[in-house]
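What follows is a short report on a single structure.
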Amino acid sequence: MFAHDDETLAFIADSARRTGLLALDTEFMREKTYFARLCLLQFATEEGAWIIDPLTGAGLGPIADVLLDPSVVKVLHAGSQDLEILTRMLGTPPVSVFDTQVAATLAGSPSQVGYARLVKDMFDVDIDKSDTYSDWARRPLTPAQIEYALADVHFLPPMYRQISERLESEGRLAWLKADFERLSDPSTYEVVPEEQFRRIKRASTLSRRQLAVLQQAVAWREVTAQRRDLPRRWVISDETLVEVARRQPKDAAGLSELRGINVRGLGDGGAGLLEAVRAGLDLAEEKLPRITKRVRAIVDVEGVVELMGALVRVAAGEHGVAVPLLATRADLERLAAGEREESPLLQGWRKALIGDALVELVEGRLSLRVADGKVVPKLVEDAR
């Protein structure tokens, strides 16, 4: 059950290589820190399931090499945060990743289907999820916590086998290649402080000079939050950063006038934030950041998006794919606004299933009509 000794860790690593599969999950806490505090690591192969307790000083040992072995598939469910934690531990992401949540959605399950729901649907087993939000840092662990942790990986190996075999038989397994490669791409987990301002709501309402101040202030917050290992909002909120960019305080007194700022709480009396403001004000004109606003070539974007959504639902039903996995509303809005260069709808399997048809619809070369009570797409020249 618990893997603390070198012999057990070596057995897990050997088992993973024998079976070509290693299922994994983590339990962590993040409410009061910037970086997730890892509390448990769970692993499973087709020969058993184990727990590693990092709070006792237990490490990965030879399992670390397995995580970077492309010949062994690493199976997770909704594993982006687990992979982020492992990337920090290993210095690089695990490779050959298979996310059962993404794959199950492609196999016809609801979008973002939960692990317990999938276990129930596939194996008719009920999993007690009452310990999901328990204190995983407290020791000793309760029997219920241990049972919960092991259950979170126990069903992943057979789940992977069933889903992958089904997708392979339907010719869909290759569709996931780009999605899973992205999970193993180091850039997926790279945080560039100078780019974080683009995630701030209301940033697009600022002038370019104000945007420069926001860029520097948000970068300062990111670095500070990392250094102090605090949640970003504990350093300073997004809303307050926008006000800093607007009012551009010159000294601690100016900072104190802003709602939501505790100068003492900034850790350095506000010196770092004020330096960030000055850096934004001093930035050369030609280097001022810009947030590109959508150019609406289509007047009735909302109406067009609704029409595109109808086409997506038709394709989703035809191919047995959950609608949000095929195309989100945000994807449709960007495509309707003319943003095609980096659209996920025009890449890989989505392009073949729906992207090309959506472009034809937007350009007037495809129509939708009702036949026998169903929405039916038809090329314009064939719809007369």
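Chain labels A, B, ... are given in the sequence in which chains occur in the structure tokens; within each chain residues are numbered consecutively from 1, and ligands are likewise numbered from 1 in the order shown.
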Would you mind listing what lies within 12 Å of Leu55 of chain A as an MDAnalysis selection string, with only C-alpha atoms counted and same-chain residues fewer than 3 positions away left out?
-> chainID A and resid 4 27:28 37:41 51:52 58:59 136:141
Print the selection's residues with N, CA and C atoms to a file, as a PDB file, in the first residue's frame.
```pdb
ATOM      1  N   HIS A   4       7.591   3.196   0.712  1.00  0.00           N
ATOM      2  CA  HIS A   4       8.602   4.021   1.376  1.00  0.00           C
ATOM      3  C   HIS A   4      10.019   3.518   1.112  1.00  0.00           C
ATOM      4  N   GLU A  27      -2.518  14.243  -4.431  1.00  0.00           N
ATOM      5  CA  GLU A  27      -3.351  15.019  -3.514  1.00  0.00           C
ATOM      6  C   GLU A  27      -2.494  16.178  -3.035  1.00  0.00           C
ATOM      7  N   PHE A  28      -3.016  17.371  -3.149  1.00  0.00           N
ATOM      8  CA  PHE A  28      -2.228  18.555  -2.803  1.00  0.00           C
ATOM      9  C   PHE A  28      -3.127  19.621  -2.208  1.00  0.00           C
ATOM     10  N   ARG A  37       1.248  22.457  -2.597  1.00  0.00           N
ATOM     11  CA  ARG A  37       1.964  21.672  -1.587  1.00  0.00           C
ATOM     12  C   ARG A  37       1.575  20.210  -1.771  1.00  0.00           C
ATOM     13  N   LEU A  38       2.498  19.423  -2.266  1.00  0.00           N
ATOM     14  CA  LEU A  38       2.226  18.024  -2.549  1.00  0.00           C
ATOM     15  C   LEU A  38       2.104  17.244  -1.245  1.00  0.00           C
ATOM     16  N   CYS A  39       0.975  16.538  -1.072  1.00  0.00           N
ATOM     17  CA  CYS A  39       0.733  15.778   0.156  1.00  0.00           C
ATOM     18  C   CYS A  39       0.780  14.269  -0.074  1.00  0.00           C
ATOM     19  N   LEU A  40       0.363  13.821  -1.245  1.00  0.00           N
ATOM     20  CA  LEU A  40       0.393  12.397  -1.557  1.00  0.00           C
ATOM     21  C   LEU A  40       0.645  12.194  -3.048  1.00  0.00           C
ATOM     22  N   LEU A  41       1.307  11.092  -3.363  1.00  0.00           N
ATOM     23  CA  LEU A  41       1.440  10.620  -4.741  1.00  0.00           C
ATOM     24  C   LEU A  41       0.872   9.210  -4.789  1.00  0.00           C
ATOM     25  N   ILE A  51       0.821   4.115  -2.525  1.00  0.00           N
ATOM     26  CA  ILE A  51       0.859   5.516  -2.115  1.00  0.00           C
ATOM     27  C   ILE A  51       2.277   5.866  -1.691  1.00  0.00           C
ATOM     28  N   ILE A  52       2.758   7.022  -2.156  1.00  0.00           N
ATOM     29  CA  ILE A  52       4.018   7.596  -1.673  1.00  0.00           C
ATOM     30  C   ILE A  52       3.661   8.837  -0.869  1.00  0.00           C
ATOM     31  N   ALA A  58       9.632  10.634   1.705  1.00  0.00           N
ATOM     32  CA  ALA A  58       9.724   9.625   0.642  1.00  0.00           C
ATOM     33  C   ALA A  58       9.824  10.299  -0.715  1.00  0.00           C
ATOM     34  N   GLY A  59      10.694   9.772  -1.571  1.00  0.00           N
ATOM     35  CA  GLY A  59      10.876  10.322  -2.904  1.00  0.00           C
ATOM     36  C   GLY A  59      10.403   9.366  -3.978  1.00  0.00           C
ATOM     37  N   TRP A 136      -5.307  17.059   3.419  1.00  0.00           N
ATOM     38  CA  TRP A 136      -4.352  16.019   3.022  1.00  0.00           C
ATOM     39  C   TRP A 136      -2.982  16.228   3.666  1.00  0.00           C
ATOM     40  N   ALA A 137      -2.778  17.356   4.312  1.00  0.00           N
ATOM     41  CA  ALA A 137      -1.483  17.591   4.981  1.00  0.00           C
ATOM     42  C   ALA A 137      -1.480  17.068   6.412  1.00  0.00           C
ATOM     43  N   ARG A 138      -2.631  16.709   6.928  1.00  0.00           N
ATOM     44  CA  ARG A 138      -2.706  16.246   8.315  1.00  0.00           C
ATOM     45  C   ARG A 138      -2.274  14.778   8.397  1.00  0.00           C
ATOM     46  N   ARG A 139      -1.521  14.471   9.431  1.00  0.00           N
ATOM     47  CA  ARG A 139      -1.101  13.102   9.674  1.00  0.00           C
ATOM     48  C   ARG A 139      -1.478  12.698  11.089  1.00  0.00           C
ATOM     49  N   PRO A 140      -1.878  11.446  11.329  1.00  0.00           N
ATOM     50  CA  PRO A 140      -1.907  10.369  10.338  1.00  0.00           C
ATOM     51  C   PRO A 140      -3.123  10.467   9.424  1.00  0.00           C
ATOM     52  N   LEU A 141      -3.018   9.868   8.240  1.00  0.00           N
ATOM     53  CA  LEU A 141      -4.145   9.782   7.329  1.00  0.00           C
ATOM     54  C   LEU A 141      -5.193   8.832   7.907  1.00  0.00           C
TER      55      LEU A 141
END
```
Within 9 Å of segment 117-127 of chain A using only C-alpha atoms, minus same-chain residues under 3 positions, as a PyMOL selection string = chain A and resi 101+104+109+113-114+148+151-152+155-156+159+162
Could you tell me, as an MDAnalysis selection string, which residues of segment 115-362 of chain A DSSP assigns to alpha helix (DSSP H) when given the backbone?
-> chainID A and resid 115:123 143:154 156:169 177:183 208:228 232:235 238:247 252:256 271:282 301:319 323:326 329:336 348:350 356:362
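Coordinates place atom CA of Ser164 of chain A at a distance of 19.4 Å from atom CA of Ala316 of chain A.
Closest approach to Val321 of chain A from the set A:Val244, A:Val102, A:Ile85, A:Ala178 is made by A:Val102, with distances taken over only C-alpha atoms.
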Can you pull out the residues contacting Arg290 of chain A? Cut-off 10 Å, using only C-alpha atoms, and skip same-chain residues under 6 positions away; I want them as a PDB file with C-alpha atoms, in the first residue's frame.
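Output (out03.pdb):
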```
ATOM      1  CA  ARG A 198      -3.103  39.603 -20.623  1.00  0.00           C
ATOM      2  CA  ALA A 203      -6.925  45.266 -19.230  1.00  0.00           C
ATOM      3  CA  SER A 204      -8.290  46.015 -22.697  1.00  0.00           C
ATOM      4  CA  LEU A 206      -6.507  50.784 -20.620  1.00  0.00           C
ATOM      5  CA  SER A 207      -4.407  53.032 -22.836  1.00  0.00           C
ATOM      6  CA  ARG A 208      -1.139  51.586 -24.092  1.00  0.00           C
ATOM      7  CA  ARG A 209       0.874  53.575 -21.517  1.00  0.00           C
ATOM      8  CA  LEU A 211      -1.104  48.886 -20.164  1.00  0.00           C
ATOM      9  CA  ALA A 212       2.682  49.172 -19.848  1.00  0.00           C
TER      10      ALA A 212
END
```
Do you know which residues are at most 9 Å from Ala252 of chain A counting only C-alpha atoms, after dropping those on the same chain fewer than 2 positions away, and could you put them as a PyMOL selection string?
-> chain A and resi 249-250+254-257+263+269-271+274
Only N, CA and C atoms, please: the residues just picked out, written as a PDB file, in the first residue's frame.
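Result file part_15.pdb:
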```
ATOM      1  N   PRO A 249       0.570  55.714  -9.095  1.00  0.00           N
ATOM      2  CA  PRO A 249       1.083  56.393  -7.885  1.00  0.00           C
ATOM      3  C   PRO A 249       2.603  56.553  -7.922  1.00  0.00           C
ATOM      4  N   LYS A 250       3.065  57.660  -7.356  1.00  0.00           N
ATOM      5  CA  LYS A 250       4.503  57.974  -7.406  1.00  0.00           C
ATOM      6  C   LYS A 250       5.234  57.622  -6.119  1.00  0.00           C
ATOM      7  N   GLY A 254       0.802  57.693  -2.246  1.00  0.00           N
ATOM      8  CA  GLY A 254      -0.106  57.478  -3.367  1.00  0.00           C
ATOM      9  C   GLY A 254      -0.646  56.060  -3.390  1.00  0.00           C
ATOM     10  N   LEU A 255       0.206  55.104  -3.051  1.00  0.00           N
ATOM     11  CA  LEU A 255      -0.257  53.718  -2.975  1.00  0.00           C
ATOM     12  C   LEU A 255      -1.316  53.560  -1.888  1.00  0.00           C
ATOM     13  N   SER A 256      -1.103  54.195  -0.767  1.00  0.00           N
ATOM     14  CA  SER A 256      -2.015  54.061   0.371  1.00  0.00           C
ATOM     15  C   SER A 256      -3.405  54.586   0.054  1.00  0.00           C
ATOM     16  N   GLU A 257      -3.497  55.481  -0.921  1.00  0.00           N
ATOM     17  CA  GLU A 257      -4.794  56.046  -1.285  1.00  0.00           C
ATOM     18  C   GLU A 257      -5.646  55.076  -2.103  1.00  0.00           C
ATOM     19  N   VAL A 263       0.125  48.781   2.356  1.00  0.00           N
ATOM     20  CA  VAL A 263       1.528  48.992   2.007  1.00  0.00           C
ATOM     21  C   VAL A 263       2.437  48.065   2.810  1.00  0.00           C
ATOM     22  N   GLY A 269       7.273  47.649   1.778  1.00  0.00           N
ATOM     23  CA  GLY A 269       6.769  49.017   1.888  1.00  0.00           C
ATOM     24  C   GLY A 269       6.267  49.578   0.576  1.00  0.00           C
ATOM     25  N   GLY A 270       6.093  48.712  -0.418  1.00  0.00           N
ATOM     26  CA  GLY A 270       5.603  49.155  -1.721  1.00  0.00           C
ATOM     27  C   GLY A 270       6.688  49.555  -2.697  1.00  0.00           C
ATOM     28  N   ALA A 271       7.968  49.430  -2.294  1.00  0.00           N
ATOM     29  CA  ALA A 271       9.074  49.868  -3.152  1.00  0.00           C
ATOM     30  C   ALA A 271       9.087  49.113  -4.486  1.00  0.00           C
ATOM     31  N   LEU A 274       6.195  50.289  -6.733  1.00  0.00           N
ATOM     32  CA  LEU A 274       6.457  51.634  -7.251  1.00  0.00           C
ATOM     33  C   LEU A 274       7.525  51.601  -8.346  1.00  0.00           C
TER      34      LEU A 274
END
```
Long-range neighbours of segment 229-236 of chain A as a ChimeraX atom specification, 9 Å cut-off, only C-alpha atoms, 3 positions minimum in chain = /A:30-35,221-222,224-226,239-241,260-262,265-267
Name all residues at most 10 Å from Gly348 of chain A (count only C-alpha atoms; drop same-chain ones fewer than 4 positions away) and give them as a PyMOL selection string.
-> chain A and resi 174-179+344+352-353+355
Store the residues of this selection in a file with C-alpha atoms, as a compact mmCIF listing (two decimals), in the first residue's frame.
```txt
# COMPACT_ATOMS: atom_id res chain seq x y z
CA ALA A 174 -4.62 9.48 -33.30
CA TRP A 175 -6.90 12.51 -32.94
CA LEU A 176 -5.64 12.96 -29.39
CA LYS A 177 -1.96 13.12 -30.33
CA ALA A 178 -1.68 16.91 -30.38
CA ASP A 179 -3.73 17.31 -27.17
CA PRO A 344 -7.91 25.16 -32.50
CA ALA A 352 -11.56 17.65 -40.29
CA LEU A 353 -14.65 17.15 -38.13
CA GLY A 355 -13.44 23.45 -38.74
```
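Interatomic distance, atom CA of Ala149 of chain A to atom CA of Thr105 of chain A: 23.6 Å.
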Per DSSP on the backbone, filter segment 70-215 of chain A down to the residues in strand (DSSP E) and report them as a ChimeraX atom specification.
-> /A:73-76,97-99
For the selection you just gave me, I'd like the residues written to a file as an mmCIF file, in the first residue's frame, keeping N, CA and C atoms.
```cif
data_model
loop_
_atom_site.group_PDB
_atom_site.id
_atom_site.type_symbol
_atom_site.label_atom_id
_atom_site.label_comp_id
_atom_site.auth_asym_id
_atom_site.auth_seq_id
_atom_site.Cartn_x
_atom_site.Cartn_y
_atom_site.Cartn_z
ATOM 1 N N VAL A 73 3.219 4.427 -20.907
ATOM 2 C CA VAL A 73 2.132 5.406 -20.949
ATOM 3 C C VAL A 73 1.790 5.835 -19.533
ATOM 4 N N LYS A 74 1.733 7.143 -19.311
ATOM 5 C CA LYS A 74 1.335 7.682 -18.012
ATOM 6 C C LYS A 74 -0.136 8.081 -18.087
ATOM 7 N N VAL A 75 -0.965 7.440 -17.271
ATOM 8 C CA VAL A 75 -2.413 7.631 -17.336
ATOM 9 C C VAL A 75 -2.874 8.474 -16.156
ATOM 10 N N LEU A 76 -3.617 9.545 -16.447
ATOM 11 C CA LEU A 76 -4.174 10.421 -15.428
ATOM 12 C C LEU A 76 -5.609 10.747 -15.800
ATOM 13 N N VAL A 97 1.774 10.880 -22.203
ATOM 14 C CA VAL A 97 0.665 11.093 -21.271
ATOM 15 C C VAL A 97 -0.659 10.739 -21.943
ATOM 16 N N PHE A 98 -1.570 10.169 -21.159
ATOM 17 C CA PHE A 98 -2.923 9.853 -21.632
ATOM 18 C C PHE A 98 -3.889 10.319 -20.568
ATOM 19 N N ASP A 99 -4.726 11.299 -20.898
ATOM 20 C CA ASP A 99 -5.696 11.841 -19.950
ATOM 21 C C ASP A 99 -7.059 11.210 -20.228
#
```
Find, counting only C-alpha atoms, the residue in A:Leu346, A:Ala279, A:Glu285, A:Ala357 that gets nearest to Val312 of chain A.
-> A:Ala357
Select, from A:Gln81, A:Thr87, A:Ser134, A:Gln215, the residue with the minimum atom-to-atom distance to Pro186 of chain A, counting only C-alpha atoms.
-> A:Thr87
Atom CA of Arg369 of chain A to atom CA of Ala310 of chain A: how many Å, to one decimal?
-> 10.7 Å
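Taking only C-alpha atoms into account, Lys374 of chain A lies nearest to A:Val314 out of the set A:Ile200, A:Val277, A:Met1, A:Val314.
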